[in-house]
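Participant: Dropping in coords-v3.cif, which is mmCIF, C-alpha atoms:
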```cif
data_model
#
loop_
_atom_site.group_PDB
_atom_site.id
_atom_site.type_symbol
_atom_site.label_atom_id
_atom_site.label_comp_id
_atom_site.auth_asym_id
_atom_site.auth_seq_id
_atom_site.Cartn_x
_atom_site.Cartn_y
_atom_site.Cartn_z
ATOM 1 C CA MET A 1 9.539 -3.681 19.955
ATOM 2 C CA LYS A 2 9.001 -0.337 18.306
ATOM 3 C CA TYR A 3 5.518 0.194 16.921
ATOM 4 C CA TRP A 4 5.663 1.991 13.571
ATOM 5 C CA LYS A 5 2.647 3.804 12.285
ATOM 6 C CA ALA A 6 1.691 2.728 8.763
ATOM 7 C CA ILE A 7 2.620 4.894 5.823
ATOM 8 C CA LEU A 8 -0.718 4.412 4.098
ATOM 9 C CA ALA A 9 -0.338 6.401 0.921
ATOM 10 C CA SER A 10 2.304 7.896 -1.284
ATOM 11 C CA ALA A 11 1.190 11.462 -0.864
ATOM 12 C CA ILE A 12 1.905 11.547 2.870
ATOM 13 C CA ILE A 13 4.757 10.844 5.232
ATOM 14 C CA VAL A 14 3.991 9.693 8.745
ATOM 15 C CA ALA A 15 6.631 9.966 11.417
ATOM 16 C CA PRO A 16 7.135 6.781 13.444
ATOM 17 C CA CYS A 17 5.369 6.609 16.757
ATOM 18 C CA ALA A 18 6.963 5.990 20.099
ATOM 19 C CA PRO A 19 7.280 2.407 21.318
ATOM 20 C CA SER A 20 4.016 0.614 21.949
ATOM 21 C CA PRO A 21 3.260 -0.122 25.615
ATOM 22 C CA ALA A 22 3.063 -3.852 24.954
ATOM 23 C CA ASP A 23 3.387 -6.386 22.171
ATOM 24 C CA ASP A 24 0.495 -8.654 21.168
ATOM 25 C CA SER A 25 -2.164 -6.132 22.228
ATOM 26 C CA TRP A 26 -5.226 -4.480 20.755
ATOM 27 C CA ARG A 27 -5.297 -0.773 19.955
ATOM 28 C CA LEU A 28 -8.310 1.520 19.529
ATOM 29 C CA GLY A 29 -7.855 4.937 17.963
ATOM 30 C CA VAL A 30 -10.073 7.957 17.283
ATOM 31 C CA ASP A 31 -9.036 11.202 15.665
ATOM 32 C CA GLY A 32 -10.339 14.216 13.838
ATOM 33 C CA GLY A 33 -9.169 17.359 12.162
ATOM 34 C CA VAL A 34 -9.548 19.904 9.435
ATOM 35 C CA THR A 35 -7.999 20.474 6.014
ATOM 36 C CA LEU A 36 -7.440 24.185 5.346
ATOM 37 C CA TYR A 37 -7.406 25.270 1.682
ATOM 38 C CA SER A 38 -6.004 28.517 0.293
ATOM 39 C CA GLY A 39 -9.059 30.660 -0.437
ATOM 40 C CA GLU A 40 -11.465 27.691 -0.540
ATOM 41 C CA GLU A 41 -13.952 25.905 1.722
ATOM 42 C CA ASP A 42 -12.280 23.853 4.449
ATOM 43 C CA ALA A 43 -12.995 20.166 5.059
ATOM 44 C CA ARG A 44 -13.630 18.392 8.357
ATOM 45 C CA PHE A 45 -12.806 14.725 8.870
ATOM 46 C CA ALA A 46 -12.855 12.049 11.556
ATOM 47 C CA SER A 47 -11.856 8.399 11.804
ATOM 48 C CA ILE A 48 -11.987 5.414 14.132
ATOM 49 C CA SER A 49 -9.808 2.303 13.935
ATOM 50 C CA ILE A 50 -9.149 -0.985 15.691
ATOM 51 C CA ALA A 51 -5.755 -2.670 15.383
ATOM 52 C CA ARG A 52 -4.004 -5.803 16.549
ATOM 53 C CA ASP A 53 -0.308 -5.294 17.315
ATOM 54 C CA PHE A 54 2.090 -8.232 17.122
ATOM 55 C CA GLU A 55 5.747 -8.496 18.050
ATOM 56 C CA GLN A 56 6.910 -7.593 14.530
ATOM 57 C CA GLY A 57 3.817 -6.155 12.875
ATOM 58 C CA TYR A 58 0.155 -5.173 12.986
ATOM 59 C CA PHE A 59 -3.234 -5.371 11.234
ATOM 60 C CA GLN A 60 -5.707 -2.489 11.313
ATOM 61 C CA LEU A 61 -9.299 -1.823 10.241
ATOM 62 C CA GLY A 62 -10.449 1.777 10.066
ATOM 63 C CA VAL A 63 -13.386 3.922 8.972
ATOM 64 C CA SER A 64 -12.970 7.576 7.985
ATOM 65 C CA MET A 65 -15.508 10.289 7.133
ATOM 66 C CA VAL A 66 -15.042 13.627 5.342
ATOM 67 C CA ASP A 67 -17.568 16.465 5.264
ATOM 68 C CA GLY A 68 -17.225 19.563 3.117
ATOM 69 C CA GLY A 69 -14.169 20.979 1.450
ATOM 70 C CA VAL A 70 -13.147 21.623 -2.125
ATOM 71 C CA THR A 71 -12.285 19.229 -4.911
ATOM 72 C CA GLN A 72 -8.982 20.875 -5.674
ATOM 73 C CA GLY A 73 -8.815 22.676 -9.006
ATOM 74 C CA VAL A 74 -12.155 21.388 -10.337
ATOM 75 C CA ALA A 75 -14.238 24.264 -11.655
ATOM 76 C CA ASP A 76 -17.806 24.161 -10.289
ATOM 77 C CA ALA A 77 -17.259 20.923 -8.380
ATOM 78 C CA VAL A 78 -20.393 19.370 -6.882
ATOM 79 C CA PRO A 79 -20.184 19.211 -3.041
ATOM 80 C CA VAL A 80 -19.534 15.720 -1.686
ATOM 81 C CA LYS A 81 -19.427 13.756 1.559
ATOM 82 C CA SER A 82 -17.437 10.535 1.727
ATOM 83 C CA GLU A 83 -16.953 7.483 3.939
ATOM 84 C CA THR A 84 -14.060 5.048 3.514
ATOM 85 C CA VAL A 85 -13.205 1.661 5.015
ATOM 86 C CA THR A 86 -9.509 0.757 5.046
ATOM 87 C CA LEU A 87 -7.720 -2.495 5.847
ATOM 88 C CA SER A 88 -3.985 -2.076 6.457
ATOM 89 C CA GLY A 89 -1.074 -4.021 7.834
ATOM 90 C CA GLY A 90 2.642 -3.866 8.362
ATOM 91 C CA ARG A 91 5.645 -6.068 9.092
ATOM 92 C CA ILE A 92 9.149 -5.334 10.389
ATOM 93 C CA PHE A 93 12.092 -7.203 8.877
ATOM 94 C CA GLY A 94 15.126 -6.062 10.844
ATOM 95 C CA ASP A 95 15.562 -2.375 9.989
ATOM 96 C CA ILE A 96 13.095 -2.511 7.074
ATOM 97 C CA ILE A 97 9.378 -1.858 7.564
ATOM 98 C CA PHE A 98 6.730 -2.769 4.969
ATOM 99 C CA ASP A 99 3.233 -1.246 5.122
ATOM 100 C CA GLY A 100 0.316 -1.962 2.800
ATOM 101 C CA TYR A 101 -3.370 -1.063 2.597
ATOM 102 C CA ALA A 102 -6.550 -1.333 0.535
ATOM 103 C CA SER A 103 -9.626 0.881 0.882
ATOM 104 C CA LEU A 104 -13.172 1.129 -0.452
ATOM 105 C CA GLY A 105 -15.351 4.196 -0.127
ATOM 106 C CA GLN A 106 -18.621 5.798 -1.085
ATOM 107 C CA ARG A 107 -19.086 9.421 -2.149
ATOM 108 C CA ARG A 108 -22.454 11.153 -1.743
ATOM 109 C CA PHE A 109 -22.817 14.185 -3.980
ATOM 110 C CA ASN A 110 -24.717 16.962 -2.237
ATOM 111 C CA PRO A 111 -26.975 19.507 -3.978
ATOM 112 C CA GLY A 112 -25.255 22.818 -4.670
ATOM 113 C CA THR A 113 -26.198 26.185 -6.171
ATOM 114 C CA LEU A 114 -24.276 27.807 -9.033
ATOM 115 C CA PRO A 115 -24.994 30.918 -11.151
ATOM 116 C CA GLY A 116 -26.769 28.672 -13.685
ATOM 117 C CA GLY A 117 -29.083 27.085 -11.132
ATOM 118 C CA ARG A 118 -29.246 24.306 -8.570
ATOM 119 C CA VAL A 119 -26.945 21.319 -9.139
ATOM 120 C CA THR A 120 -27.876 17.755 -8.227
ATOM 121 C CA ILE A 121 -26.269 14.413 -9.112
ATOM 122 C CA ASN A 122 -28.807 11.671 -8.460
ATOM 123 C CA THR A 123 -26.346 8.775 -8.195
ATOM 124 C CA ASP A 124 -23.685 8.152 -5.554
ATOM 125 C CA GLY A 125 -20.017 7.714 -6.381
ATOM 126 C CA SER A 126 -17.338 5.382 -5.100
ATOM 127 C CA SER A 127 -13.591 5.186 -4.516
ATOM 128 C CA PHE A 128 -10.929 2.498 -4.353
ATOM 129 C CA ALA A 129 -7.267 2.674 -3.386
ATOM 130 C CA ALA A 130 -4.418 0.258 -2.713
ATOM 131 C CA GLY A 131 -0.750 0.768 -2.070
ATOM 132 C CA GLY A 132 2.336 0.053 -0.063
ATOM 133 C CA ALA A 133 5.515 1.579 1.313
ATOM 134 C CA LEU A 134 9.014 0.468 2.282
ATOM 135 C CA THR A 135 10.801 2.282 5.103
ATOM 136 C CA TYR A 136 14.394 1.878 6.283
ATOM 137 C CA ASP A 137 14.966 2.741 9.934
ATOM 138 C CA ILE A 138 18.363 4.266 10.714
ATOM 139 C CA ALA A 139 19.149 4.668 14.421
ATOM 140 C CA LEU A 140 21.348 7.715 14.959
ATOM 141 C CA SER A 141 22.014 8.666 18.598
ATOM 142 C CA ASN A 142 20.262 9.755 21.802
ATOM 143 C CA GLY A 143 16.863 8.462 20.728
ATOM 144 C CA ILE A 144 17.046 10.029 17.262
ATOM 145 C CA SER A 145 16.164 8.019 14.152
ATOM 146 C CA LEU A 146 16.032 8.799 10.428
ATOM 147 C CA SER A 147 13.578 6.858 8.270
ATOM 148 C CA PRO A 148 13.761 7.286 4.472
ATOM 149 C CA PHE A 149 10.948 5.652 2.502
ATOM 150 C CA VAL A 150 9.445 5.038 -0.928
ATOM 151 C CA ALA A 151 5.760 4.391 -1.627
ATOM 152 C CA LEU A 152 3.425 3.560 -4.522
ATOM 153 C CA ASP A 153 -0.387 3.799 -4.780
ATOM 154 C CA TYR A 154 -3.189 3.132 -7.238
ATOM 155 C CA ASP A 155 -6.428 5.147 -6.906
ATOM 156 C CA GLU A 156 -9.878 5.229 -8.502
ATOM 157 C CA VAL A 157 -12.475 7.864 -7.617
ATOM 158 C CA ASP A 158 -15.789 9.195 -8.952
ATOM 159 C CA VAL A 159 -15.729 12.975 -9.374
ATOM 160 C CA GLY A 160 -18.845 15.141 -9.804
ATOM 161 C CA ARG A 161 -18.686 18.260 -11.988
ATOM 162 C CA ALA A 162 -21.261 20.896 -12.917
ATOM 163 C CA ILE A 163 -21.182 22.413 -16.404
ATOM 164 C CA ILE A 164 -22.931 25.703 -17.247
ATOM 165 C CA LEU A 165 -24.043 25.693 -20.887
ATOM 166 C CA PRO A 166 -23.962 28.828 -23.082
ATOM 167 C CA GLY A 167 -27.711 29.324 -22.543
ATOM 168 C CA GLY A 168 -27.233 29.291 -18.766
ATOM 169 C CA ASP A 169 -28.583 25.799 -18.118
ATOM 170 C CA VAL A 170 -26.677 23.539 -15.723
ATOM 171 C CA ARG A 171 -25.691 19.965 -16.553
ATOM 172 C CA THR A 172 -23.985 17.538 -14.192
ATOM 173 C CA VAL A 173 -21.333 14.993 -15.067
ATOM 174 C CA LYS A 174 -20.022 12.112 -12.954
ATOM 175 C CA SER A 175 -16.738 10.690 -14.222
ATOM 176 C CA LYS A 176 -14.328 8.037 -12.959
ATOM 177 C CA GLU A 177 -10.668 8.980 -12.642
ATOM 178 C CA ASP A 178 -7.752 6.638 -11.925
ATOM 179 C CA GLY A 179 -4.016 7.003 -11.606
ATOM 180 C CA ILE A 180 -0.741 5.897 -10.041
ATOM 181 C CA THR A 181 1.114 7.992 -7.467
ATOM 182 C CA GLY A 182 4.656 7.551 -6.182
ATOM 183 C CA SER A 183 6.621 9.356 -3.503
ATOM 184 C CA ALA A 184 9.972 9.390 -1.780
ATOM 185 C CA GLY A 185 10.910 11.117 1.454
ATOM 186 C CA ALA A 186 12.079 10.740 5.011
ATOM 187 C CA SER A 187 11.055 11.376 8.604
ATOM 188 C CA LEU A 188 13.282 12.403 11.489
ATOM 189 C CA GLN A 189 12.132 11.385 14.976
ATOM 190 C CA LYS A 190 13.295 12.155 18.508
ATOM 191 C CA LEU A 191 12.204 10.000 21.476
ATOM 192 C CA PHE A 192 12.273 11.584 24.935
ATOM 193 C CA GLY A 193 10.857 11.139 28.418
ATOM 194 C CA ASN A 194 10.973 8.092 30.667
ATOM 195 C CA GLY A 195 11.969 5.146 28.466
ATOM 196 C CA GLY A 196 11.354 7.179 25.313
ATOM 197 C CA ALA A 197 7.627 7.357 26.033
ATOM 198 C CA HIS A 198 7.117 10.555 23.981
ATOM 199 C CA SER A 199 8.216 11.555 20.498
ATOM 200 C CA VAL A 200 8.412 14.520 18.135
ATOM 201 C CA GLY A 201 9.183 14.353 14.449
ATOM 202 C CA LEU A 202 9.635 16.165 11.149
ATOM 203 C CA ASN A 203 8.869 14.770 7.697
ATOM 204 C CA ALA A 204 9.226 15.736 4.046
ATOM 205 C CA ALA A 205 8.552 14.095 0.690
ATOM 206 C CA PHE A 206 8.370 14.647 -3.059
ATOM 207 C CA VAL A 207 5.175 13.333 -4.691
ATOM 208 C CA ALA A 208 4.439 12.637 -8.376
ATOM 209 C CA THR A 209 1.171 11.359 -9.864
ATOM 210 C CA SER A 210 -0.063 10.334 -13.307
ATOM 211 C CA ASN A 211 -3.524 11.807 -12.602
ATOM 212 C CA SER A 212 -4.101 14.374 -9.878
ATOM 213 C CA SER A 213 -7.863 13.929 -10.313
ATOM 214 C CA SER A 214 -7.566 10.534 -8.618
ATOM 215 C CA THR A 215 -4.837 11.217 -6.083
ATOM 216 C CA HIS A 216 -5.755 11.014 -2.427
ATOM 217 C CA SER A 217 -3.514 11.392 0.565
ATOM 218 C CA GLY A 218 -3.949 8.711 3.153
ATOM 219 C CA THR A 219 -6.877 7.694 5.293
ATOM 220 C CA GLY A 220 -8.356 9.580 8.209
ATOM 221 C CA THR A 221 -5.411 10.674 10.310
ATOM 222 C CA ASN A 222 -2.430 12.574 8.923
ATOM 223 C CA THR A 223 -4.137 13.464 5.668
ATOM 224 C CA ILE A 224 -3.403 16.353 3.359
ATOM 225 C CA SER A 225 -6.392 16.227 1.013
ATOM 226 C CA ARG A 226 -8.519 13.221 1.903
ATOM 227 C CA ILE A 227 -11.439 14.033 -0.381
ATOM 228 C CA VAL A 228 -9.498 14.201 -3.642
ATOM 229 C CA ALA A 229 -6.774 16.406 -5.050
ATOM 230 C CA ALA A 230 -8.461 16.883 -8.418
ATOM 231 C CA ARG A 231 -8.063 19.245 -11.370
ATOM 232 C CA ASN A 232 -10.441 20.304 -14.123
ATOM 233 C CA VAL A 233 -8.376 18.420 -16.749
ATOM 234 C CA SER A 234 -8.711 14.668 -16.346
ATOM 235 C CA GLY A 235 -5.650 12.500 -16.627
ATOM 236 C CA GLN A 236 -3.109 15.292 -16.079
ATOM 237 C CA SER A 237 0.097 14.588 -14.183
ATOM 238 C CA ASP A 238 1.391 16.703 -11.325
ATOM 239 C CA GLN A 239 4.280 16.946 -8.854
ATOM 240 C CA TRP A 240 4.531 18.654 -5.482
ATOM 241 C CA ALA A 241 6.255 18.506 -2.087
ATOM 242 C CA GLU A 242 4.800 17.866 1.364
ATOM 243 C CA LEU A 243 6.192 19.012 4.715
ATOM 244 C CA GLY A 244 4.983 18.137 8.175
ATOM 245 C CA THR A 245 5.544 17.691 11.872
ATOM 246 C CA SER A 246 4.156 15.221 14.414
ATOM 247 C CA ALA A 247 4.168 14.533 18.138
ATOM 248 C CA SER A 248 3.015 11.648 20.350
ATOM 249 C CA PHE A 249 2.674 11.832 24.135
ATOM 250 C CA ALA A 250 2.051 9.028 26.627
ATOM 251 C CA ILE A 251 -0.739 10.184 28.928
ATOM 252 C CA SER A 252 -0.670 6.886 30.804
ATOM 253 C CA GLU A 253 0.711 3.396 30.270
ATOM 254 C CA THR A 254 -2.026 2.634 27.736
ATOM 255 C CA LEU A 255 -3.333 6.012 26.527
ATOM 256 C CA ARG A 256 -1.586 8.252 23.971
ATOM 257 C CA LEU A 257 -2.230 11.696 22.484
ATOM 258 C CA ASN A 258 -1.165 12.015 18.824
ATOM 259 C CA LEU A 259 -0.810 15.340 16.979
ATOM 260 C CA ASN A 260 0.077 15.990 13.346
ATOM 261 C CA ALA A 261 0.257 18.873 10.858
ATOM 262 C CA ASN A 262 1.141 18.641 7.152
ATOM 263 C CA ARG A 263 1.017 20.991 4.172
ATOM 264 C CA THR A 264 1.524 20.872 0.433
ATOM 265 C CA THR A 265 3.822 23.148 -1.542
ATOM 266 C CA GLY A 266 3.927 23.439 -5.315
ATOM 267 C CA PHE A 267 0.553 21.776 -5.933
ATOM 268 C CA SER A 268 -1.222 22.936 -9.102
ATOM 269 C CA GLY A 269 -4.470 23.647 -7.237
ATOM 270 C CA PRO A 270 -5.099 25.438 -3.944
ATOM 271 C CA GLU A 271 -2.421 24.581 -1.384
ATOM 272 C CA ALA A 272 -3.689 22.565 1.572
ATOM 273 C CA MET A 273 -2.733 22.228 5.231
ATOM 274 C CA THR A 274 -4.126 19.519 7.498
ATOM 275 C CA ILE A 275 -4.197 19.552 11.308
ATOM 276 C CA THR A 276 -5.078 16.326 13.151
ATOM 277 C CA ALA A 277 -5.468 15.353 16.808
ATOM 278 C CA GLY A 278 -6.317 11.919 18.164
ATOM 279 C CA LEU A 279 -6.221 9.476 21.052
ATOM 280 C CA SER A 280 -5.197 5.821 21.021
ATOM 281 C CA VAL A 281 -5.534 3.240 23.774
ATOM 282 C CA ASN A 282 -3.920 -0.191 24.090
ATOM 283 C CA PHE A 283 -5.727 -3.034 25.841
#
```
Do you think you could lay out the structure here as structure tokens?

Facilitator:
Amino acid sequence: MKYWKAILASAIIVAPCAPSPADDSWRLGVDGGVTLYSGEEDARFASISIARDFEQGYFQLGVSMVDGGVTQGVADAVPVKSETVTLSGGRIFGDIIFDGYASLGQRRFNPGTLPGGRVTINTDGSSFAAGGALTYDIALSNGISLSPFVALDYDEVDVGRAIILPGGDVRTVKSKEDGITGSAGASLQKLFGNGGAHSVGLNAAFVATSNSSSTHSGTGTNTISRIVAARNVSGQSDQWAELGTSASFAISETLRLNLNANRTTGFSGPEAMTITAGLSVNF
């Protein structure tokens, strides 16, 4: 069978991976990377996951961590670290692939210093997300496939903001944002090497959200803005495009190297580019 990597959220397109070494096997993956923001502090992230692959599907449990970075567009955002647990799964029905996920996370607001003084939020925040995607696999020729998809997500997230009052005093506010995000796009993949063991791909999508303060972009690997793509006006809609490239190389019969780079274009806050590298092993 072909193993297809889950499209976990509407704000990201993931190119399909090369065929899995074996059906009905376990898969362990680790990856890490950085999200680069235009003129803002960058974010570092890492994740680990365990998955069970079946002949026509998979289940996966993963944990991801993000340290640093900017809450996009939020004036005087309080620094935050976050950890997220995600349960995902997928099923192949002929040429149609369905992927779904649900995630829970905690957000720890870190002390920060602003012109009005030191900023501290004494309570932790949380996040929740759930969504799914439908992908149609079109085999072209010579190991080339085109995979258009549509996806829908619901997100809730606690956002910390610092407000400087006219007298110079600092007040902190923790608010909950929620919204629905949809996307449509496609990935183009080329398999090469012995038995199509390696792959390279391109992807693109258009993304629209009802509230960019609650929009996130996937979990752990292949993320654009994992912390939160937020603005200083709650509940405001936004639209943007995302472009990316990916590659997967078989190091051995069971070990793979996975690389990915994605970037936003047309986002209302600082544009973001994410670079990810990871290893996965089947056993």

Participant: I'd like the contact shell of segment 44-61 of chain A - 6 Å cut-off, all atoms listed in the file, skipping same-chain residues fewer than 5 positions apart - returned as a list in words.

Facilitator: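 What passes the distance filter is Asp23, Asp24, Ser25, Trp26, Arg27, Leu28, Gly29, Val30, Asp31, Gly32, Gly33, Val34, Val66, Asp67, Thr86, Leu87, Ser88, Gly89, Gly90, Arg91, Ile92 and Gly220 of chain A.
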
Participant: With 12 Å as the threshold, what does the neighbourhood of (-6.4, 1.3, -8.5) contain in terms of residues, counting only C-alpha atoms? Coordinates are those of the file; answer as a ChimeraX atom specification.

Facilitator: /A:101-104,127-131,152-157,176-181,211,214-216

Participant: The PyMOL selection byres ((chain A and resi 83) around 6) on the file shown: which residues, as a ChimeraX atom specification?

Facilitator: /A:64-65,82,84,105-106

Participant: Using the chain letters and numbers from this file, what does the PyMOL selection byres ((chain A and resi 271) around 6) select? Give the answer as a PyMOL selection string.

Facilitator: chain A and resi 37-38+264+270+272

Participant: Would you kindly return, as an NGL selection string, each protein, DNA or RNA residue with an atom no farther than 12 Å from any atom of Ile96 of chain A, considering only C-alpha atoms and excluding same-chain residues fewer than 5 positions away?

Facilitator: :A and (4 or 56-57 or 90-91 or 133-139 or 147-150)
